[in-house]
file structure37.cif (mmCIF, C-alpha atoms and all ligand atoms)
data_my_file
#
loop_
_atom_site.label_atom_id
_atom_site.label_comp_id
_atom_site.auth_asym_id
_atom_site.auth_seq_id
_atom_site.Cartn_x
_atom_site.Cartn_y
_atom_site.Cartn_z
CA MET A 1 20.94 117.79 88.47
CA ILE A 2 19.02 116.83 85.32
CA GLU A 3 16.56 119.18 83.64
CA ILE A 4 14.58 118.17 80.59
CA SER A 5 12.45 120.96 79.19
CA HIS A 6 9.90 120.71 76.36
CA LEU A 7 11.89 117.98 74.67
CA VAL A 8 10.62 116.86 71.24
CA LYS A 9 12.03 114.22 68.89
CA ARG A 10 10.29 113.70 65.60
CA TYR A 11 10.95 111.04 62.97
CA GLY A 12 9.15 112.31 59.88
CA ALA A 13 5.55 112.78 60.96
CA LYS A 14 5.97 110.58 64.04
CA PHE A 15 6.69 112.09 67.45
CA ALA A 16 8.87 109.60 69.35
CA VAL A 17 9.05 112.16 72.20
CA ASP A 18 6.32 114.78 72.31
CA ASP A 19 7.06 117.81 74.51
CA ILE A 20 8.24 116.21 77.72
CA SER A 21 9.60 118.05 80.77
CA PHE A 22 10.87 116.70 84.06
CA SER A 23 13.79 117.17 86.37
CA VAL A 24 15.81 114.93 88.65
CA GLY A 25 17.35 116.31 91.84
CA LYS A 26 20.80 115.54 93.18
CA GLY A 27 20.96 112.10 94.78
CA GLU A 28 17.51 111.06 93.55
CA ILE A 29 16.76 107.70 91.91
CA VAL A 30 14.06 108.22 89.32
CA GLY A 31 12.35 105.42 87.43
CA PHE A 32 11.46 106.23 83.82
CA LEU A 33 8.66 103.82 83.10
CA GLY A 34 6.69 103.11 79.95
CA PRO A 35 5.66 100.32 77.57
CA ASN A 36 7.81 99.39 74.59
CA GLY A 37 7.84 102.14 71.98
CA ALA A 38 6.89 104.85 74.54
CA GLY A 39 9.98 106.96 73.85
CA LYS A 40 12.25 105.94 76.73
CA SER A 41 15.38 105.03 74.77
CA THR A 42 14.99 108.10 72.58
CA THR A 43 14.89 110.31 75.70
CA MET A 44 17.85 108.52 77.29
CA ASN A 45 19.89 108.77 74.09
CA ILE A 46 19.23 112.51 73.84
CA LEU A 47 19.98 112.98 77.54
CA THR A 48 23.34 111.26 77.12
CA GLY A 49 24.25 113.19 73.99
CA TYR A 50 24.00 110.22 71.60
CA LEU A 51 21.07 111.62 69.66
CA SER A 52 20.02 115.14 68.72
CA SER A 53 16.58 116.49 69.58
CA THR A 54 14.09 118.20 67.28
CA SER A 55 13.54 120.91 69.91
CA GLY A 56 13.72 121.52 73.65
CA THR A 57 16.63 121.61 76.08
CA VAL A 58 18.39 119.08 78.23
CA LYS A 59 20.76 120.14 80.98
CA VAL A 60 22.93 117.98 83.19
CA GLY A 61 24.57 119.70 86.16
CA GLY A 62 23.60 123.01 84.56
CA ILE A 63 25.40 122.16 81.29
CA ASP A 64 23.41 122.05 78.05
CA VAL A 65 23.95 118.60 76.55
CA LEU A 66 23.39 119.75 72.97
CA GLU A 67 25.57 122.89 73.25
CA SER A 68 28.42 121.31 75.24
CA PRO A 69 28.15 117.55 74.74
CA TYR A 70 31.74 116.87 75.75
CA GLU A 71 31.47 118.62 79.14
CA ALA A 72 28.01 117.15 79.81
CA LYS A 73 29.10 113.61 78.94
CA LYS A 74 31.83 113.79 81.56
CA LEU A 75 29.12 114.02 84.22
CA ILE A 76 27.19 111.01 82.92
CA GLY A 77 27.73 107.27 83.11
CA PHE A 78 25.46 105.45 80.66
CA LEU A 79 24.44 101.82 80.36
CA PRO A 80 22.55 101.62 77.06
CA GLU A 81 20.10 98.81 76.35
CA GLN A 82 22.87 97.12 74.34
CA PRO A 83 26.01 97.68 76.44
CA PRO A 84 28.97 98.63 74.23
CA LEU A 85 31.11 95.66 75.22
CA TYR A 86 34.07 94.46 73.19
CA VAL A 87 33.59 90.77 73.72
CA ASP A 88 37.03 89.75 72.49
CA MET A 89 38.67 91.82 75.23
CA LYS A 90 39.36 90.70 78.75
CA VAL A 91 37.39 92.61 81.41
CA ASP A 92 40.56 94.35 82.58
CA GLU A 93 41.63 95.35 79.08
CA TYR A 94 38.16 96.68 78.35
CA LEU A 95 37.94 98.79 81.52
CA ASN A 96 41.40 100.24 80.82
CA PHE A 97 40.24 101.03 77.28
CA VAL A 98 37.16 102.83 78.66
CA TYR A 99 39.39 104.66 81.17
CA ASP A 100 41.53 105.98 78.27
CA LEU A 101 38.49 106.78 76.12
CA LYS A 102 36.98 108.88 78.92
CA LYS A 103 40.37 110.57 79.47
CA CYS A 104 40.01 109.72 83.14
CA THR A 105 42.48 111.39 85.51
CA LEU A 106 41.79 109.41 88.68
CA ASN A 107 44.49 107.00 89.88
CA ARG A 108 44.06 104.22 87.30
CA GLU A 109 44.81 101.16 89.38
CA LYS A 110 42.98 102.31 92.50
CA HIS A 111 39.94 103.58 90.62
CA LEU A 112 39.45 100.49 88.44
CA LYS A 113 39.89 98.27 91.51
CA GLU A 114 37.15 100.22 93.28
CA VAL A 115 34.83 100.03 90.26
CA CYS A 116 35.34 96.25 90.06
CA GLU A 117 34.67 95.86 93.77
CA VAL A 118 31.46 97.88 93.69
CA THR A 119 30.13 95.91 90.70
CA LYS A 120 31.45 92.60 92.10
CA ILE A 121 33.47 91.63 89.04
CA ALA A 122 36.91 91.52 90.70
CA ASP A 123 37.01 87.72 90.29
CA VAL A 124 36.54 87.84 86.50
CA ARG A 125 38.93 90.69 85.62
CA GLY A 126 41.23 88.33 83.73
CA ARG A 127 38.47 86.64 81.71
CA LEU A 128 37.33 87.28 78.17
CA ILE A 129 34.01 89.14 78.11
CA LYS A 130 32.55 86.70 75.59
CA ASN A 131 32.97 83.87 78.09
CA LEU A 132 31.04 85.62 80.86
CA SER A 133 27.42 84.93 81.81
CA LYS A 134 24.79 87.54 80.87
CA GLY A 135 24.63 88.70 84.51
CA TYR A 136 28.38 89.28 84.67
CA ARG A 137 28.37 91.03 81.30
CA GLN A 138 25.72 93.41 82.60
CA ARG A 139 27.92 94.13 85.62
CA VAL A 140 30.82 94.90 83.28
CA GLY A 141 28.42 97.25 81.43
CA ILE A 142 27.64 98.98 84.73
CA ALA A 143 31.37 99.08 85.57
CA GLN A 144 32.15 100.94 82.31
CA ALA A 145 29.44 103.47 83.25
CA LEU A 146 31.13 104.00 86.62
CA VAL A 147 34.60 104.65 85.19
CA GLY A 148 35.49 108.31 85.77
CA ASN A 149 33.15 108.46 88.77
CA PRO A 150 30.35 110.41 87.03
CA LYS A 151 27.72 112.05 89.24
CA VAL A 152 24.81 110.96 87.06
CA LEU A 153 24.09 107.33 86.11
CA ILE A 154 21.62 106.35 83.44
CA PHE A 155 20.51 102.76 83.00
CA ASP A 156 18.36 101.72 80.05
CA GLU A 157 16.51 98.41 80.65
CA PRO A 158 19.34 97.04 82.82
CA THR A 159 17.74 93.70 83.68
CA VAL A 160 16.37 92.60 80.30
CA GLY A 161 17.37 89.00 79.56
CA LEU A 162 18.65 88.23 83.06
CA ASP A 163 17.44 85.39 85.26
CA PRO A 164 15.54 86.17 88.51
CA LYS A 165 18.63 85.86 90.74
CA GLN A 166 20.67 88.15 88.49
CA ILE A 167 17.77 90.62 88.34
CA ILE A 168 17.73 90.93 92.14
CA GLU A 169 21.51 91.39 92.21
CA ILE A 170 21.48 94.14 89.56
CA ARG A 171 18.55 95.92 91.26
CA ASN A 172 20.41 95.84 94.59
CA LEU A 173 23.52 97.17 92.90
CA ILE A 174 21.58 100.06 91.35
CA ARG A 175 19.91 100.86 94.66
CA ASN A 176 23.32 100.97 96.40
CA LEU A 177 24.75 103.22 93.67
CA GLY A 178 21.84 105.57 94.34
CA SER A 179 23.28 106.49 97.73
CA ASP A 180 25.94 108.70 96.14
CA HIS A 181 24.76 109.21 92.55
CA THR A 182 21.82 110.73 90.74
CA VAL A 183 20.23 107.81 88.89
CA ILE A 184 17.70 107.41 86.09
CA LEU A 185 16.47 103.88 85.56
CA SER A 186 14.54 103.39 82.34
CA THR A 187 12.38 100.27 82.16
CA HIS A 188 9.03 98.81 81.09
CA ILE A 189 8.79 96.75 84.29
CA LEU A 190 6.70 98.33 87.05
CA PRO A 191 8.01 96.20 89.97
CA GLU A 192 11.53 97.13 88.90
CA VAL A 193 11.02 100.84 89.48
CA GLN A 194 8.94 100.15 92.58
CA ALA A 195 11.89 98.19 93.99
CA VAL A 196 14.52 100.79 93.19
CA ALA A 197 13.20 104.31 92.56
CA ASP A 198 12.21 107.19 94.88
CA ARG A 199 10.07 108.72 92.15
CA ILE A 200 8.46 107.40 88.99
CA VAL A 201 7.98 109.29 85.74
CA ILE A 202 5.63 107.41 83.41
CA ILE A 203 5.80 107.98 79.66
CA ASN A 204 3.29 106.70 77.10
CA GLN A 205 3.25 107.45 73.38
CA GLY A 206 5.90 110.13 73.78
CA LYS A 207 4.05 112.02 76.54
CA ILE A 208 4.47 112.05 80.31
CA VAL A 209 1.34 110.69 81.97
CA ALA A 210 2.52 110.68 85.59
CA ASP A 211 5.32 112.06 87.72
CA GLU A 212 4.84 110.92 91.30
CA LYS A 213 6.62 109.59 94.35
CA THR A 214 6.90 105.80 94.15
CA GLU A 215 4.71 105.32 97.24
CA ASN A 216 1.87 107.30 95.62
CA ILE A 217 2.01 105.20 92.45
CA THR A 218 2.15 102.02 94.52
CA ARG A 219 -0.89 103.16 96.51
CA VAL A 220 -2.89 103.79 93.35
CA VAL A 221 -1.81 100.48 91.84
CA GLU A 222 -2.54 98.40 94.93
CA ASP A 223 -5.76 100.15 95.80
CA GLY A 224 -7.92 97.69 93.92
CA ARG A 225 -6.49 94.21 94.30
CA LEU A 226 -6.73 91.82 91.41
CA TYR A 227 -6.91 88.05 91.94
CA SER A 228 -6.93 85.06 89.68
CA VAL A 229 -9.03 82.22 91.15
CA LYS A 230 -9.58 78.72 89.84
CA ILE A 231 -12.92 77.32 90.99
CA CYS A 232 -14.51 73.94 90.49
CA GLY A 233 -18.21 74.48 89.71
CA PRO A 234 -20.76 75.54 87.08
CA GLN A 235 -19.44 78.68 85.44
CA ARG A 236 -22.54 80.84 85.25
CA GLU A 237 -23.64 80.18 88.86
CA VAL A 238 -20.10 80.62 90.18
CA LEU A 239 -19.83 83.96 88.43
CA ALA A 240 -23.14 85.16 89.88
CA THR A 241 -22.00 84.14 93.38
CA LEU A 242 -18.65 85.91 92.95
CA LYS A 243 -20.36 89.11 91.87
CA GLY A 244 -22.61 88.94 94.96
CA ILE A 245 -19.73 88.82 97.47
CA PRO A 246 -19.47 92.11 99.40
CA GLY A 247 -16.31 94.00 98.38
CA VAL A 248 -16.07 92.40 94.91
CA LEU A 249 -16.02 95.15 92.34
CA ARG A 250 -15.70 93.04 89.24
CA ALA A 251 -15.61 89.34 88.37
CA ASP A 252 -14.93 87.87 84.94
CA ALA A 253 -14.47 84.36 83.65
CA VAL A 254 -11.21 84.35 81.73
CA GLY A 255 -12.04 81.31 79.67
CA GLU A 256 -9.41 78.89 80.94
CA ARG A 257 -11.05 75.56 81.51
CA GLU A 258 -9.57 72.49 83.16
CA LEU A 259 -12.01 69.57 83.41
CA ASP A 260 -14.82 70.97 85.60
CA SER A 261 -13.01 74.08 86.83
CA PHE A 262 -12.68 77.58 85.40
CA THR A 263 -10.42 80.53 86.08
CA TYR A 264 -11.90 83.90 87.08
CA HIS A 265 -10.41 87.32 87.64
CA ILE A 266 -11.73 89.25 90.61
CA GLU A 267 -11.09 92.87 91.50
CA SER A 268 -11.84 93.97 95.04
CA GLU A 269 -12.85 97.38 96.29
CA PRO A 270 -10.02 99.53 97.63
CA GLY A 271 -8.91 98.47 101.08
CA VAL A 272 -11.17 95.36 101.22
CA ASP A 273 -9.64 91.90 101.47
CA VAL A 274 -12.25 89.62 99.90
CA ARG A 275 -10.36 86.35 100.19
CA LYS A 276 -12.08 85.06 103.36
CA SER A 277 -15.60 85.91 102.16
CA LEU A 278 -14.70 84.31 98.86
CA PHE A 279 -13.71 81.10 100.60
CA PHE A 280 -16.86 80.91 102.76
CA ALA A 281 -19.24 81.84 99.91
CA LEU A 282 -17.82 79.11 97.69
CA ALA A 283 -17.56 76.53 100.50
CA ALA A 284 -21.26 77.08 101.28
CA LYS A 285 -22.02 76.02 97.69
CA ASN A 286 -19.60 73.08 97.71
CA TRP A 287 -17.44 74.60 94.97
CA PRO A 288 -13.78 73.98 95.83
CA ILE A 289 -11.13 76.63 95.19
CA LEU A 290 -8.24 75.01 93.34
CA GLY A 291 -6.02 78.07 93.26
CA LEU A 292 -5.92 81.72 94.29
CA GLU A 293 -3.18 84.20 93.43
CA ALA A 294 -2.73 87.94 93.31
CA VAL A 295 -2.26 89.18 89.76
CA GLY A 296 0.20 91.97 89.06
CA MET A 297 -1.24 94.86 87.11
CA SER A 298 -0.16 95.39 83.54
CA LEU A 299 1.20 98.81 82.63
CA GLU A 300 -2.03 99.48 80.76
CA ASP A 301 -4.05 98.77 83.95
CA VAL A 302 -1.73 101.16 85.77
CA PHE A 303 -2.40 103.93 83.24
CA VAL A 304 -6.16 103.45 83.62
CA LYS A 305 -5.87 103.55 87.44
CA LEU A 306 -3.71 106.67 87.32
CA MET A 307 -6.15 108.42 84.98
CA GLU A 308 -9.06 107.47 87.29
CA ALA A 309 -7.17 108.73 90.34
CA ASP A 310 -6.29 111.95 88.52
CA THR A 311 -9.91 112.54 87.45
CA LYS A 312 -11.12 111.88 91.02
CA LYS A 313 -8.55 114.36 92.38
CA LYS A 314 -9.61 117.00 89.86
CA MET A 315 -13.31 116.48 90.63
CA ALA A 316 -12.64 116.75 94.38
CA GLY A 317 -10.73 119.98 93.71
CA GLU A 318 -13.61 121.39 91.68
CA ARG A 319 -16.07 120.49 94.45
CA ARG A 320 -13.85 122.24 97.01
CA ASN A 321 -13.65 125.34 94.78
CA ARG A 322 -17.43 125.46 94.39
CA ALA A 323 -18.02 125.03 98.16
P1 LIG A 401 11.11 102.74 74.08
O1 LIG A 401 12.56 102.89 74.44
O2 LIG A 401 10.20 103.33 75.10
O3 LIG A 401 10.74 101.33 73.75
P2 LIG A 401 11.85 104.24 71.72
O4 LIG A 401 12.38 105.52 72.26
O5 LIG A 401 12.84 103.22 71.28
O6 LIG A 401 10.83 103.61 72.76
O7 LIG A 401 10.90 104.55 70.47
C1 LIG A 401 9.85 105.51 70.51
C2 LIG A 401 9.14 105.52 69.16
O8 LIG A 401 9.99 106.11 68.18
C3 LIG A 401 8.77 104.14 68.66
O9 LIG A 401 7.51 104.22 68.05
C4 LIG A 401 9.84 103.86 67.63
O10 LIG A 401 9.33 103.02 66.63
C5 LIG A 401 10.16 105.24 67.09
N1 LIG A 401 11.57 105.34 66.65
C6 LIG A 401 12.67 105.18 67.41
N2 LIG A 401 13.79 105.33 66.68
C7 LIG A 401 13.40 105.59 65.41
C8 LIG A 401 14.09 105.88 64.17
N3 LIG A 401 15.42 105.91 64.11
N4 LIG A 401 13.32 106.12 63.08
C9 LIG A 401 11.98 106.12 63.14
N5 LIG A 401 11.27 105.87 64.27
C10 LIG A 401 11.97 105.61 65.39
#

call {"tool": "encode", "arguments": {"input": "structure37.cif", "output": "structure tokens"}}
result
Amino acid sequence: MIEISHLVKRYGAKFAVDDISFSVGKGEIVGFLGPNGAGKSTTMNILTGYLSSTSGTVKVGGIDVLESPYEAKKLIGFLPEQPPLYVDMKVDEYLNFVYDLKKCTLNREKHLKEVCEVTKIADVRGRLIKNLSKGYRQRVGIAQALVGNPKVLIFDEPTVGLDPKQIIEIRNLIRNLGSDHTVILSTHILPEVQAVADRIVIINQGKIVADEKTENITRVVEDGRLYSVKICGPQREVLATLKGIPGVLRADAVGERELDSFTYHIESEPGVDVRKSLFFALAAKNWPILGLEAVGMSLEDVFVKLMEADTKKKMAGERRNRA
């Protein structure tokens, strides 16, 4: 449904997008993940016809976005990072305005009613957009993307600035939309794509560094578990004990001190749960554990893990070839 081929966008000497290719099949939800400045918005803006590329092709439903932007745009609903809301309009006025702008031919009343029901904004249709909460505004942004019933939906950082409850609601909404749309969700938040996407394409510094099923990425990321532990005891001895626990791959003091306790980060070997051994080893020394929590990986950690996994795979392949 979406085909991006050797796409390049250059600003002067800087490559915002540097020769990326990937495709998204009909009905797939793909997460487009990368740190800030990776090139996500640039790619999304080219894909939706808002920005020209330096070279490469982008096709949506077989239509070249650069050659036939008008036809291609009809297939796409886009929620940019800054939704194009007219805050002095009422929700209803705004959606009618979008309906006219998109030259929509579906039954106006029935279609807009459906869009409002799906995005759960039916109760605020008569309200001014500027008086809505951020969560509701984001839903109105999603509603404008749905007007015209486009087959492809593109969401750029849809949950930025929302509170945790609103984040869950928007993620659920996107997941539900995925049942009858092709969806690209662009974000810098790993758990977001893990929660929503079937596949994850990771971009860093304008280049694609991974394109994998979500479960494969999750496996790589969760393989080595990372914990933050606060322990009451002498730092150097505690650290030596931690490093001696079977299954502990790495232990570092992270420098946070609270009276006589310190915080440590521990990484365990793949598939080994070190928490019980940790407890008994420290209890034997009379060093109480004041806190233990799993630490989510940063995107940078994820890149390192993916590179390691990729190198291991390649080495295994080479060994097989030699055998
Ligand atoms: P992301 O959406 O992943 O945060 P962007 O696509 O916004 O990343 O930006 C990718 C890179 O391109 C960044 O280094 C950014 O500074 C640069 N960039 C984006 N837009 C422009 C522009 N109009 N002029 C110059 N550089 C730009």

call {"tool": "closest_residue", "arguments": {"input": "structure37.cif", "among": "A:Phe22, A:Tyr86, A:Tyr94, A:Phe155", "to": "ligand LIG 401 (chain A)", "atoms": "all atoms listed in the file"}}
result
A:Phe155

call {"tool": "closest_residue", "arguments": {"input": "structure37.cif", "among": "A:Pro164, A:Gly135, A:Gly206, A:Gly141", "to": "ligand LIG 401 (chain A)", "atoms": "all atoms listed in the file"}}
result
A:Gly206

call {"tool": "residues_near_point", "arguments": {"input": "structure37.cif", "point": "(-21.2, 87.3, 87.1)", "cutoff": "12 Å", "atoms": "all atoms listed in the file", "output": "ChimeraX atom specification"}}
result
/A:234-245,248-254,264-266

call {"tool": "residues_near_ligand", "arguments": {"input": "structure37.cif", "ligand": "ligand LIG 401 (chain A)", "cutoff": "7 Å", "atoms": "all atoms listed in the file", "output": "list in words"}}
result
Tyr11, Phe15, Ala16, Val17, Gly34, Pro35, Asn36, Gly37, Ala38, Gly39, Lys40, Ser41, Thr42, Thr43 and Gly206 of chain A

call {"tool": "closest_residue", "arguments": {"input": "structure37.cif", "among": "A:Ile142, A:Thr54, A:Glu157, A:Lys110", "to": "Gly12 (chain A)", "atoms": "only C-alpha atoms"}}
result
A:Thr54

call {"tool": "residues_near_point", "arguments": {"input": "structure37.cif", "point": "(14.7, 112.8, 67.9)", "cutoff": "6 Å", "atoms": "only C-alpha atoms", "output": "VMD selection string"}}
result
chain A and resid 9 to 10 52 to 54

call {"tool": "closest_residue", "arguments": {"input": "structure37.cif", "among": "A:Val124, A:Leu112, A:Leu292, A:Ile208", "to": "Leu7 (chain A)", "atoms": "only C-alpha atoms"}}
result
A:Ile208

call {"tool": "closest_atom_pairs", "arguments": {"input": "structure37.cif", "of": "region 145-164 of chain A", "to": "region 73-85 of chain A", "cutoff": "6 Å", "atoms": "all atoms listed in the file", "output": "tab-separated table"}}
result
residue	atom	partner	partner_atom	distance
A:Ala145	CA	A:Gly77	CA	4.2
A:Leu146	CA	A:Gly77	CA	5.9
A:Pro150	CA	A:Leu75	CA	4.7
A:Lys151	CA	A:Leu75	CA	5.6
A:Val152	CA	A:Ile76	CA	4.8
A:Leu153	CA	A:Gly77	CA	4.7
A:Ile154	CA	A:Phe78	CA	4.8
A:Phe155	CA	A:Leu79	CA	4.8
A:Asp156	CA	A:Glu81	CA	5.0
A:Glu157	CA	A:Glu81	CA	5.6

call {"tool": "atom_distance", "arguments": {"input": "structure37.cif", "atom1": "CA of Asp64 (chain A)", "atom2": "CA of Thr159 (chain A)"}}
result
29.5 Å

call {"tool": "residues_around", "arguments": {"input": "structure37.cif", "residues": "Ile200 (chain A)", "least_positions_apart": "5", "cutoff": "8 Å", "atoms": "all atoms listed in the file", "output": "ChimeraX atom specification"}}
result
/A:30-33,193,210-214,217

call {"tool": "residues_around", "arguments": {"input": "structure37.cif", "residues": "Lys90 (chain A)", "least_positions_apart": "2", "cutoff": "10 Å", "atoms": "only C-alpha atoms", "output": "PyMOL selection string"}}
result
chain A and resi 86-88+92-96+124-132

call {"tool": "atom_distance", "arguments": {"input": "structure37.cif", "atom1": "CA of Val65 (chain A)", "atom2": "CA of Gly49 (chain A)"}}
result
6.0 Å

call {"tool": "atom_distance", "arguments": {"input": "structure37.cif", "atom1": "CA of Ser23 (chain A)", "atom2": "CA of Val302 (chain A)"}}
result
22.3 Å

call {"tool": "closest_residue", "arguments": {"input": "structure37.cif", "among": "A:Val229, A:Met89, A:Leu173, A:Val140", "to": "Trp287 (chain A)", "atoms": "all atoms listed in the file"}}
result
A:Val229

call {"tool": "closest_residue", "arguments": {"input": "structure37.cif", "among": "A:Asn204, A:Ser228, A:Glu269, A:Ile29", "to": "Arg171 (chain A)", "atoms": "only C-alpha atoms"}}
result
A:Ile29

call {"tool": "residues_around", "arguments": {"input": "structure37.cif", "residues": "Gln166 (chain A)", "least_positions_apart": "2", "cutoff": "12 Å", "atoms": "only C-alpha atoms", "output": "PyMOL selection string"}}
result
chain A and resi 133-139+158-164+168-173

call {"tool": "residues_around", "arguments": {"input": "structure37.cif", "residues": "Val209 (chain A)", "least_positions_apart": "5", "cutoff": "10 Å", "atoms": "all atoms listed in the file", "output": "list in words"}}
result
Ile20, Gly34, Val201, Ile202, Ile203, Asn204, Phe303, Leu306 and Met307 of chain A

call {"tool": "residues_around", "arguments": {"input": "structure37.cif", "residues": "region 100-102 of chain A", "least_positions_apart": "2", "cutoff": "8 Å", "atoms": "all atoms listed in the file", "output": "ChimeraX atom specification"}}
result
/A:74,96-98,104,147-148
